[in-house]
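Structure file entry_30.txt; described as compact mmCIF, C-alpha atoms.
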```txt
# COMPACT_ATOMS: atom_id res chain seq x y z
CA MET A 1 16.99 -9.68 -19.75
CA THR A 2 14.69 -12.64 -19.32
CA TYR A 3 11.64 -12.98 -21.52
CA TYR A 4 8.27 -14.43 -20.48
CA THR A 5 5.25 -15.04 -22.68
CA ILE A 6 1.60 -15.22 -21.71
CA SER A 7 1.96 -19.04 -21.70
CA ASP A 8 4.69 -18.76 -19.06
CA ILE A 9 2.56 -16.38 -16.98
CA GLU A 10 -0.44 -18.70 -17.17
CA SER A 11 1.70 -21.66 -16.07
CA TRP A 12 2.91 -19.95 -12.90
CA GLU A 13 1.70 -21.01 -9.47
CA ARG A 14 -1.12 -18.75 -8.30
CA PHE A 15 0.71 -16.83 -5.54
CA TYR A 16 3.88 -16.49 -7.62
CA ARG A 17 1.82 -14.96 -10.42
CA ALA A 18 -0.05 -12.64 -8.04
CA ASN A 19 3.23 -11.37 -6.55
CA PHE A 20 4.82 -10.94 -9.96
CA ILE A 21 1.94 -9.20 -11.75
CA ASN A 22 1.21 -6.97 -8.75
CA SER A 23 4.85 -5.82 -8.76
CA LEU A 24 4.98 -5.38 -12.52
CA THR A 25 2.77 -2.28 -12.40
CA GLY A 26 5.40 -0.43 -10.37
CA PHE A 27 5.21 1.45 -7.09
CA LYS A 28 1.64 2.18 -6.11
CA SER A 29 -0.27 4.58 -3.95
CA VAL A 30 -1.38 2.67 -0.87
CA ASN A 31 -4.10 4.01 1.38
CA LEU A 32 -6.68 3.12 3.99
CA ILE A 33 -10.31 3.46 2.96
CA GLY A 34 -12.71 4.19 5.82
CA THR A 35 -16.42 3.39 5.52
CA ILE A 36 -19.52 2.96 7.66
CA ASN A 37 -22.64 0.83 7.22
CA THR A 38 -26.26 1.81 7.81
CA ALA A 39 -26.06 0.32 11.33
CA SER A 40 -23.17 2.77 12.07
CA ARG A 41 -20.53 0.04 12.19
CA ILE A 42 -17.22 1.30 10.85
CA ASN A 43 -14.79 -0.47 8.53
CA LEU A 44 -11.22 0.11 7.40
CA GLY A 45 -9.37 -1.57 4.54
CA ILE A 46 -6.05 -1.15 2.75
CA PHE A 47 -6.14 -0.48 -1.02
CA SER A 48 -3.25 -0.07 -3.47
CA SER A 49 -5.28 0.75 -6.57
CA ILE A 50 -6.11 4.42 -6.03
CA VAL A 51 -5.99 6.25 -9.35
CA HIS A 52 -6.35 9.91 -10.32
CA ILE A 53 -9.29 10.35 -12.72
CA GLY A 54 -9.39 14.14 -13.01
CA SER A 55 -8.85 17.39 -11.16
CA ASN A 56 -11.86 19.45 -12.26
CA PRO A 57 -14.12 18.06 -10.91
CA PRO A 58 -11.75 16.35 -8.44
CA LEU A 59 -12.39 12.66 -9.20
CA ILE A 60 -10.46 9.75 -7.72
CA GLY A 61 -10.99 6.07 -8.44
CA TYR A 62 -10.00 2.75 -6.95
CA ILE A 63 -10.37 -0.83 -8.11
CA ASN A 64 -12.50 -3.05 -5.88
CA ARG A 65 -11.85 -6.77 -6.26
CA PRO A 66 -14.75 -9.16 -6.91
CA VAL A 67 -17.52 -8.81 -4.33
CA LYS A 68 -17.00 -12.36 -3.08
CA THR A 69 -13.40 -11.67 -2.03
CA ALA A 70 -13.73 -8.02 -0.92
CA PRO A 71 -17.32 -7.27 0.06
CA HIS A 72 -17.39 -4.86 3.02
CA THR A 73 -15.91 -1.61 1.72
CA LEU A 74 -17.94 -1.68 -1.48
CA ALA A 75 -21.18 -2.59 0.29
CA ASN A 76 -20.73 0.28 2.75
CA ILE A 77 -19.94 2.77 -0.01
CA LYS A 78 -23.05 1.67 -1.91
CA ALA A 79 -25.18 1.97 1.22
CA THR A 80 -24.00 5.37 2.47
CA GLY A 81 -22.43 7.03 -0.61
CA VAL A 82 -19.47 8.38 1.32
CA TYR A 83 -15.96 7.16 2.21
CA THR A 84 -12.56 8.44 3.27
CA ILE A 85 -9.08 7.83 1.86
CA ASN A 86 -6.21 8.13 4.33
CA HIS A 87 -2.47 8.19 3.60
CA ILE A 88 -0.30 5.70 5.44
CA HIS A 89 2.97 6.60 7.20
CA PRO A 90 5.77 4.30 8.44
CA SER A 91 4.66 4.69 12.07
CA PHE A 92 1.52 2.61 11.41
CA VAL A 93 2.38 0.53 8.34
CA GLN A 94 2.01 -2.75 10.29
CA GLN A 95 -1.45 -1.80 11.50
CA ALA A 96 -2.39 -0.72 7.98
CA HIS A 97 -1.25 -4.05 6.52
CA GLN A 98 -3.18 -5.94 9.18
CA THR A 99 -6.48 -4.43 7.93
CA SER A 100 -6.10 -6.78 4.94
CA ALA A 101 -6.93 -9.78 7.15
CA LYS A 102 -10.38 -11.22 6.48
CA TYR A 103 -12.36 -9.94 9.43
CA GLU A 104 -16.06 -10.69 9.62
CA ALA A 105 -18.58 -8.04 8.51
CA GLY A 106 -19.39 -5.65 11.33
CA ILE A 107 -15.95 -6.06 12.97
CA SER A 108 -14.11 -2.73 13.16
CA GLU A 109 -10.60 -3.06 11.78
CA PHE A 110 -9.81 0.21 13.62
CA GLU A 111 -10.25 -1.59 16.91
CA GLU A 112 -8.69 -4.87 15.80
CA VAL A 113 -5.46 -3.32 14.47
CA GLY A 114 -5.19 -0.33 16.81
CA LEU A 115 -5.94 2.73 14.72
CA THR A 116 -8.16 5.61 15.82
CA PRO A 117 -11.35 6.60 14.02
CA GLU A 118 -12.17 10.29 13.92
CA PHE A 119 -15.17 12.11 12.50
CA HIS A 120 -15.30 15.51 10.85
CA GLU A 121 -18.12 17.86 9.99
CA ASN A 122 -21.06 16.06 8.43
CA ILE A 123 -19.05 13.20 6.88
CA ALA A 124 -20.54 9.90 8.09
CA ALA A 125 -17.47 7.78 7.23
CA PRO A 126 -14.54 7.59 9.66
CA PHE A 127 -11.13 9.15 8.99
CA VAL A 128 -7.90 7.70 10.41
CA LYS A 129 -6.65 10.01 13.17
CA GLU A 130 -3.02 8.89 12.68
CA SER A 131 -2.99 9.95 9.01
CA ASN A 132 -1.55 13.36 8.03
CA ILE A 133 -3.30 13.54 4.63
CA LYS A 134 -6.90 12.38 4.35
CA TYR A 135 -9.94 13.24 2.35
CA ALA A 136 -13.59 12.32 1.99
CA LEU A 137 -15.31 11.32 -1.22
CA SER A 138 -18.88 11.29 -2.38
CA LEU A 139 -19.62 8.24 -4.55
CA GLN A 140 -20.22 9.20 -8.19
CA GLU A 141 -20.23 5.94 -10.11
CA ILE A 142 -19.41 2.24 -9.78
CA ILE A 143 -18.28 0.91 -13.15
CA PRO A 144 -18.27 -2.90 -13.44
CA ILE A 145 -15.22 -4.38 -15.19
CA LYS A 146 -16.70 -7.51 -16.69
CA LEU A 147 -13.33 -8.94 -17.75
CA ASN A 148 -12.65 -10.12 -14.19
CA ASP A 149 -15.66 -9.07 -12.09
CA THR A 150 -13.89 -6.13 -10.48
CA PHE A 151 -15.19 -2.55 -10.19
CA LEU A 152 -13.85 0.92 -10.80
CA VAL A 153 -15.31 2.97 -7.95
CA ILE A 154 -15.20 6.71 -8.60
CA GLY A 155 -15.73 9.40 -5.98
CA LYS A 156 -15.61 13.17 -5.91
CA VAL A 157 -13.38 14.76 -3.27
CA ILE A 158 -15.63 16.72 -0.90
CA SER A 159 -13.28 17.56 1.94
CA ILE A 160 -9.55 17.42 2.64
CA HIS A 161 -7.55 17.44 5.87
CA ILE A 162 -3.86 18.12 5.43
CA GLU A 163 -0.83 19.68 7.14
CA LYS A 164 -0.75 23.10 5.48
CA ASP A 165 3.04 23.52 5.51
CA ILE A 166 3.61 20.59 3.14
CA VAL A 167 1.67 22.31 0.34
CA SER A 168 3.78 24.43 -2.06
CA GLU A 169 2.70 27.79 -3.40
CA ASP A 170 1.72 26.10 -6.66
CA GLY A 171 -0.42 23.42 -5.00
CA PHE A 172 2.13 20.59 -5.14
CA ILE A 173 2.02 18.49 -1.97
CA HIS A 174 5.39 17.41 -0.55
CA LEU A 175 4.27 13.89 0.35
CA ASP A 176 7.79 13.01 1.47
CA LYS A 177 7.65 15.66 4.23
CA VAL A 178 4.99 13.61 6.03
CA ASN A 179 6.44 10.30 4.84
CA SER A 180 3.39 9.08 2.95
CA ILE A 181 4.34 5.58 1.85
CA CYS A 182 3.86 3.67 -1.37
CA SER A 183 3.67 -0.05 -2.00
CA ASN A 184 4.93 -2.71 -4.36
CA GLY A 185 3.26 -6.02 -5.04
CA VAL A 186 0.79 -7.22 -2.44
CA ASP A 187 2.93 -6.83 0.69
CA GLY A 188 5.91 -4.47 0.20
CA TYR A 189 5.90 -0.96 1.67
CA TYR A 190 8.28 1.87 0.76
CA THR A 191 9.22 5.45 1.54
CA ALA A 192 10.02 7.75 -1.37
CA GLU A 193 12.69 10.37 -1.95
CA LEU A 194 12.52 13.27 -4.42
CA ILE A 195 14.71 13.14 -7.52
CA ALA A 196 13.36 16.36 -9.04
CA ARG A 197 10.34 18.26 -10.27
CA PHE A 198 10.39 19.39 -13.89
CA LYS A 199 8.68 22.35 -15.53
CA TYR A 200 5.80 21.90 -17.98
CA ALA A 201 7.39 20.28 -21.05
CA LYS A 202 7.27 21.93 -24.46
CA PRO A 203 8.53 20.56 -27.80
CA GLY A 204 12.10 21.62 -28.56
CA ILE A 205 12.86 22.93 -25.07
CA LYS A 206 15.14 20.93 -22.77
CA PRO A 207 13.43 19.80 -19.53
CA GLN A 208 14.15 22.24 -16.70
CA LYS A 209 14.11 21.45 -13.00
CA ILE A 210 11.75 23.34 -10.71
CA LYS A 211 13.94 24.80 -7.94
CA MET B 1 -4.39 20.27 10.14
CA THR B 2 -6.03 22.52 7.59
CA TYR B 3 -9.48 21.71 6.28
CA TYR B 4 -10.74 22.35 2.75
CA THR B 5 -14.25 21.83 1.42
CA ILE B 6 -15.36 21.18 -2.13
CA SER B 7 -16.19 24.91 -2.38
CA ASP B 8 -12.57 25.76 -1.58
CA ILE B 9 -11.33 23.23 -4.15
CA GLU B 10 -13.64 24.60 -6.83
CA SER B 11 -12.45 28.15 -6.12
CA TRP B 12 -8.77 27.31 -6.65
CA GLU B 13 -6.87 28.51 -9.72
CA ARG B 14 -6.75 25.75 -12.36
CA PHE B 15 -3.06 24.81 -12.13
CA TYR B 16 -3.03 25.03 -8.33
CA ARG B 17 -5.97 22.61 -8.23
CA ALA B 18 -4.35 20.24 -10.76
CA ASN B 19 -1.12 20.12 -8.73
CA PHE B 20 -2.98 19.65 -5.46
CA ILE B 21 -5.46 16.97 -6.57
CA ASN B 22 -2.79 15.07 -8.52
CA SER B 23 -0.62 14.94 -5.37
CA LEU B 24 -3.52 14.02 -3.10
CA THR B 25 -3.74 10.49 -4.53
CA GLY B 26 -0.23 9.73 -3.25
CA PHE B 27 2.86 8.33 -4.96
CA LYS B 28 2.02 6.83 -8.32
CA SER B 29 3.44 4.34 -10.75
CA VAL B 30 4.88 6.33 -13.65
CA ASN B 31 5.68 4.63 -16.95
CA LEU B 32 6.26 5.19 -20.63
CA ILE B 33 3.65 3.75 -22.98
CA GLY B 34 4.95 2.82 -26.43
CA THR B 35 2.59 2.54 -29.40
CA ILE B 36 2.63 2.42 -33.19
CA ASN B 37 0.11 3.57 -35.77
CA THR B 38 -1.01 1.78 -38.92
CA ALA B 39 1.59 3.73 -40.94
CA SER B 40 4.30 2.28 -38.65
CA ARG B 41 5.03 5.60 -36.94
CA ILE B 42 5.98 5.08 -33.32
CA ASN B 43 4.85 7.09 -30.31
CA LEU B 44 5.92 7.33 -26.66
CA GLY B 45 4.08 8.99 -23.81
CA ILE B 46 4.42 9.23 -20.02
CA PHE B 47 1.48 8.04 -17.91
CA SER B 48 1.08 8.07 -14.14
CA SER B 49 -2.27 6.31 -13.93
CA ILE B 50 -1.28 2.66 -14.37
CA VAL B 51 -3.45 0.47 -12.15
CA HIS B 52 -3.46 -3.26 -11.38
CA ILE B 53 -6.81 -4.79 -12.37
CA GLY B 54 -6.11 -8.48 -11.76
CA SER B 55 -3.43 -11.18 -11.89
CA ASN B 56 -5.34 -14.08 -13.45
CA PRO B 57 -5.74 -13.17 -16.24
CA PRO B 58 -2.97 -10.54 -15.91
CA LEU B 59 -4.91 -7.30 -16.54
CA ILE B 60 -3.48 -3.81 -16.21
CA GLY B 61 -5.33 -0.55 -16.78
CA TYR B 62 -4.49 3.10 -17.27
CA ILE B 63 -6.57 6.25 -17.45
CA ASN B 64 -6.43 8.12 -20.75
CA ARG B 65 -7.39 11.77 -20.55
CA PRO B 66 -10.06 13.19 -22.89
CA VAL B 67 -9.26 12.47 -26.55
CA LYS B 68 -8.93 16.19 -27.30
CA THR B 69 -6.02 16.64 -24.87
CA ALA B 70 -4.32 13.23 -25.25
CA PRO B 71 -5.16 11.70 -28.61
CA HIS B 72 -2.14 9.80 -29.96
CA THR B 73 -1.58 6.91 -27.59
CA LEU B 74 -5.25 5.99 -27.46
CA ALA B 75 -5.71 6.24 -31.23
CA ASN B 76 -2.71 3.97 -31.81
CA ILE B 77 -3.89 1.42 -29.27
CA LYS B 78 -7.33 1.38 -30.88
CA ALA B 79 -5.78 0.97 -34.34
CA THR B 80 -3.26 -1.79 -33.58
CA GLY B 81 -4.55 -3.39 -30.35
CA VAL B 82 -1.08 -3.62 -28.81
CA TYR B 83 1.13 -1.40 -26.61
CA THR B 84 4.07 -1.57 -24.25
CA ILE B 85 4.54 -0.27 -20.72
CA ASN B 86 8.12 0.57 -19.72
CA HIS B 87 9.44 1.40 -16.26
CA ILE B 88 11.40 4.63 -15.85
CA HIS B 89 14.74 4.88 -14.04
CA PRO B 90 16.58 7.99 -12.78
CA SER B 91 19.09 7.85 -15.67
CA PHE B 92 16.38 8.90 -18.14
CA VAL B 93 13.79 10.67 -16.04
CA GLN B 94 14.30 13.98 -17.89
CA GLN B 95 13.77 12.32 -21.27
CA ALA B 96 10.69 10.55 -19.90
CA HIS B 97 9.21 13.82 -18.63
CA GLN B 98 9.90 15.49 -21.97
CA THR B 99 7.57 13.00 -23.75
CA SER B 100 4.71 14.91 -22.10
CA ALA B 101 5.31 17.87 -24.44
CA LYS B 102 2.60 18.24 -27.07
CA TYR B 103 4.32 16.90 -30.17
CA GLU B 104 2.35 16.66 -33.40
CA ALA B 105 0.87 13.30 -34.45
CA GLY B 106 3.40 11.21 -36.36
CA ILE B 107 6.39 12.73 -34.53
CA SER B 108 8.39 10.08 -32.66
CA GLU B 109 8.98 11.13 -29.07
CA PHE B 110 11.74 8.50 -28.98
CA GLU B 111 13.74 10.57 -31.43
CA GLU B 112 12.74 13.95 -29.99
CA VAL B 113 13.73 13.14 -26.41
CA GLY B 114 16.57 10.70 -27.06
CA LEU B 115 15.30 7.27 -26.08
CA THR B 116 15.82 4.09 -28.08
CA PRO B 117 12.98 2.04 -29.55
CA GLU B 118 13.47 -1.71 -29.62
CA PHE B 119 11.24 -4.45 -31.00
CA HIS B 120 10.74 -7.96 -29.70
CA GLU B 121 9.21 -11.08 -31.20
CA ASN B 122 5.96 -10.37 -32.98
CA ILE B 123 4.96 -7.33 -30.89
CA ALA B 124 4.31 -4.40 -33.26
CA ALA B 125 4.62 -1.68 -30.58
CA PRO B 126 8.06 -0.36 -29.56
CA PHE B 127 9.66 -1.04 -26.19
CA VAL B 128 12.09 1.39 -24.55
CA LYS B 129 15.60 -0.08 -24.73
CA GLU B 130 16.77 1.89 -21.66
CA SER B 131 14.06 0.36 -19.44
CA ASN B 132 14.90 -2.64 -17.23
CA ILE B 133 11.29 -3.77 -16.73
CA LYS B 134 8.90 -3.65 -19.68
CA TYR B 135 5.94 -5.58 -20.92
CA ALA B 136 3.53 -5.72 -23.83
CA LEU B 137 -0.24 -5.68 -23.58
CA SER B 138 -3.02 -6.76 -25.85
CA LEU B 139 -5.99 -4.36 -25.68
CA GLN B 140 -9.01 -5.95 -24.00
CA GLU B 141 -11.45 -3.11 -23.39
CA ILE B 142 -11.74 0.67 -23.42
CA ILE B 143 -14.27 1.76 -20.83
CA PRO B 144 -15.52 5.36 -21.21
CA ILE B 145 -15.78 7.32 -17.96
CA LYS B 146 -18.61 9.69 -18.77
CA LEU B 147 -18.13 11.80 -15.64
CA ASN B 148 -15.19 13.62 -17.24
CA ASP B 149 -14.73 12.13 -20.73
CA THR B 150 -11.72 10.01 -19.75
CA PHE B 151 -11.20 6.31 -20.47
CA LEU B 152 -10.09 3.26 -18.53
CA VAL B 153 -7.95 1.33 -21.03
CA ILE B 154 -7.45 -2.32 -20.04
CA GLY B 155 -4.85 -4.62 -21.55
CA LYS B 156 -3.74 -8.19 -20.94
CA VAL B 157 -0.01 -8.75 -20.37
CA ILE B 158 1.28 -10.88 -23.24
CA SER B 159 5.04 -10.64 -22.80
CA ILE B 160 7.48 -9.42 -20.16
CA HIS B 161 11.16 -8.44 -20.34
CA ILE B 162 12.86 -8.17 -16.97
CA GLU B 163 16.22 -8.62 -15.23
CA LYS B 164 15.82 -12.08 -13.72
CA ASP B 165 17.89 -11.47 -10.60
CA ILE B 166 15.47 -8.87 -9.24
CA VAL B 167 12.64 -11.41 -9.00
CA SER B 168 12.32 -13.22 -5.64
CA GLU B 169 11.57 -16.90 -5.30
CA ASP B 170 7.96 -16.02 -4.50
CA GLY B 171 7.50 -13.80 -7.58
CA PHE B 172 7.93 -10.44 -5.82
CA ILE B 173 9.92 -8.02 -7.99
CA HIS B 174 12.53 -5.89 -6.17
CA LEU B 175 11.74 -2.71 -8.11
CA ASP B 176 14.23 -0.77 -5.98
CA LYS B 177 17.12 -2.93 -7.25
CA VAL B 178 16.70 -1.43 -10.74
CA ASN B 179 15.59 1.93 -9.35
CA SER B 180 12.15 2.02 -10.96
CA ILE B 181 10.82 5.44 -10.07
CA CYS B 182 7.44 6.68 -8.94
CA SER B 183 5.83 10.10 -9.29
CA ASN B 184 3.84 12.63 -7.32
CA GLY B 185 1.56 15.24 -8.78
CA VAL B 186 2.10 16.11 -12.42
CA ASP B 187 5.86 16.74 -12.34
CA GLY B 188 7.60 15.22 -9.31
CA TYR B 189 9.71 12.07 -9.64
CA TYR B 190 10.97 9.88 -6.79
CA THR B 191 13.02 6.82 -5.94
CA ALA B 192 11.67 4.42 -3.32
CA GLU B 193 13.25 2.56 -0.44
CA LEU B 194 11.91 -0.61 1.20
CA ILE B 195 10.47 -0.35 4.71
CA ALA B 196 9.38 -4.01 4.92
CA ARG B 197 7.33 -6.78 3.41
CA PHE B 198 4.69 -8.36 5.65
CA LYS B 199 3.27 -11.89 5.59
CA TYR B 200 -0.32 -12.56 4.54
CA ALA B 201 -2.44 -11.04 7.32
CA LYS B 202 -4.86 -13.12 9.38
CA PRO B 203 -7.29 -11.97 12.07
CA GLY B 204 -5.82 -12.13 15.57
CA ILE B 205 -2.22 -12.68 14.42
CA LYS B 206 0.29 -9.84 14.70
CA PRO B 207 1.77 -8.76 11.32
CA GLN B 208 5.09 -10.48 10.70
CA LYS B 209 7.87 -9.22 8.48
CA ILE B 210 9.04 -11.32 5.54
CA LYS B 211 12.81 -11.75 5.99
```

Write out the structure in this file as structure tokens.
Amino acid sequence: MTYYTISDIESWERFYRANFINSLTGFKSVNLIGTINTASRINLGIFSSIVHIGSNPPLIGYINRPVKTAPHTLANIKATGVYTINHIHPSFVQQAHQTSAKYEAGISEFEEVGLTPEFHENIAAPFVKESNIKYALSLQEIIPIKLNDTFLVIGKVISIHIEKDIVSEDGFIHLDKVNSICSNGVDGYYTAELIARFKYAKPGIKPQKIK
Amino acid sequence: MTYYTISDIESWERFYRANFINSLTGFKSVNLIGTINTASRINLGIFSSIVHIGSNPPLIGYINRPVKTAPHTLANIKATGVYTINHIHPSFVQQAHQTSAKYEAGISEFEEVGLTPEFHENIAAPFVKESNIKYALSLQEIIPIKLNDTFLVIGKVISIHIEKDIVSEDGFIHLDKVNSICSNGVDGYYTAELIARFKYAKPGIKPQKIK
């Protein structure tokens, strides 16, 4: 094993460090966030910092980088209070990655990269038609992280669109059955394969697989 | 596609909802967090809410559930200011899952589940010997999330232990080469397989694979 200290990390070239530290956190959920501004212009961006905050109420967070480097999604969420999170599948991973290019405000990444916006019920923000698992959130709180000028954006799930036959009787979603992907670092995309599910763990009882 | 509203979600049985909402966020980084208390008793817990906050400085966060349901790790981190995050591999996924059982304070999950603590340099918190990627963090900030009494715990990476030959020339870590796993929901564990890496995206240029 090789050992690095904080001095080593600080001495690394900027992109080397970004690749390394972004990989260090392990495989990540990677999704497309769909938003709309008050002039009805739609926006789509790729985010790999989605994090589960709680199930009751159903709260999901993501980290938004500093406003200067990643302004559009956050501005739209602030303005309209609603956004969508859409799973990515291998069939459109290239298009999803391309949304990370720095398009001007008001440009629709949907159109630029070739993904299809769709609208449901009274949700103003666009969903991604090509996605098999997608949900809308109502903004609850934007928590500033002063350490590095980022933000924890927390929303409450208000509607879900999903293929019903991938949901188990106990609520577990077989993400692998629709090939939802995950990511590593800033630019690596992966499919995932089930090792096992295990029953609720209790002290003194050996872990048991869920059949 | 099936459509669920917030009313549906709120009507679900508690465990069904927890399984569903925990899967909805997609594949997650799953890791073991090692801590120590002021009486030198060590603790190990599994967490699937690790999130990249920034690379410069190298900041990594995780969500700690309400203190009542998940007290030990957070108390130790508060007391000593240092903790380790250790990747999980298929060879010890059962042991890793078993750390989620509710052991009493002061009980070492290392001993209970059969994993090996190891100590490096002047880091007080234990690493997991069996893990091929592990790093220590110095606590920077605990941000309360008032919406549901959880906490965003942010640490700065201060040392890293890793197999050198899985790190690319550009800093990207080939997590699949040491079989770091990811998780889905509260109890599903997965291996991941590379689809592709893509070059830095620019408007008007088609996404290109990194060879």

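Each of A:Ser49, A:Asn122, A:Thr73, A:Asn43 was compared to chain B using only C-alpha atoms, and A:Ser49 turns out to be the nearest.
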
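The spacing separating CA of Asn184 (chain B) from CA of Leu194 (chain A) amounts to 9.2 Å.
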
Q.
Would you pick out the contacts of His120 (chain A) at 10 Å or less, using all atoms listed in the file, so that residues sharing its chain but fewer than 4 positions from it are not included, and give the list as an MDAnalysis selection string?
A. (chainID A and resid 124:127 136 159 161) or (chainID B and resid 3)

Q: Write out as a ChimeraX atom specification the residues lying within 9 Å of region 32-42 of chain B, counting only C-alpha atoms and excluding same-chain residues fewer than 5 positions away.
A: /B:47-48,72-77,79-80,82-88,96,99,106-110,117,124-128

(Q) If the cut-off is 6 Å, can you tell me the residues of chain B near chain A, counting all atoms listed in the file? I'd like them as a ChimeraX atom specification. (A) /B:1-6,16,18-21,23,26-29,49,51,55,98,101,158-164,170-173,182,187-198,201-203

(Q) Would you compute the distance between CA of Gly81 (chain A) and CA of Leu139 (chain A)? Give it in Å to one decimal. (A)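 Separating CA of Gly81 (chain A) from CA of Leu139 (chain A) is a distance of 5.0 Å.
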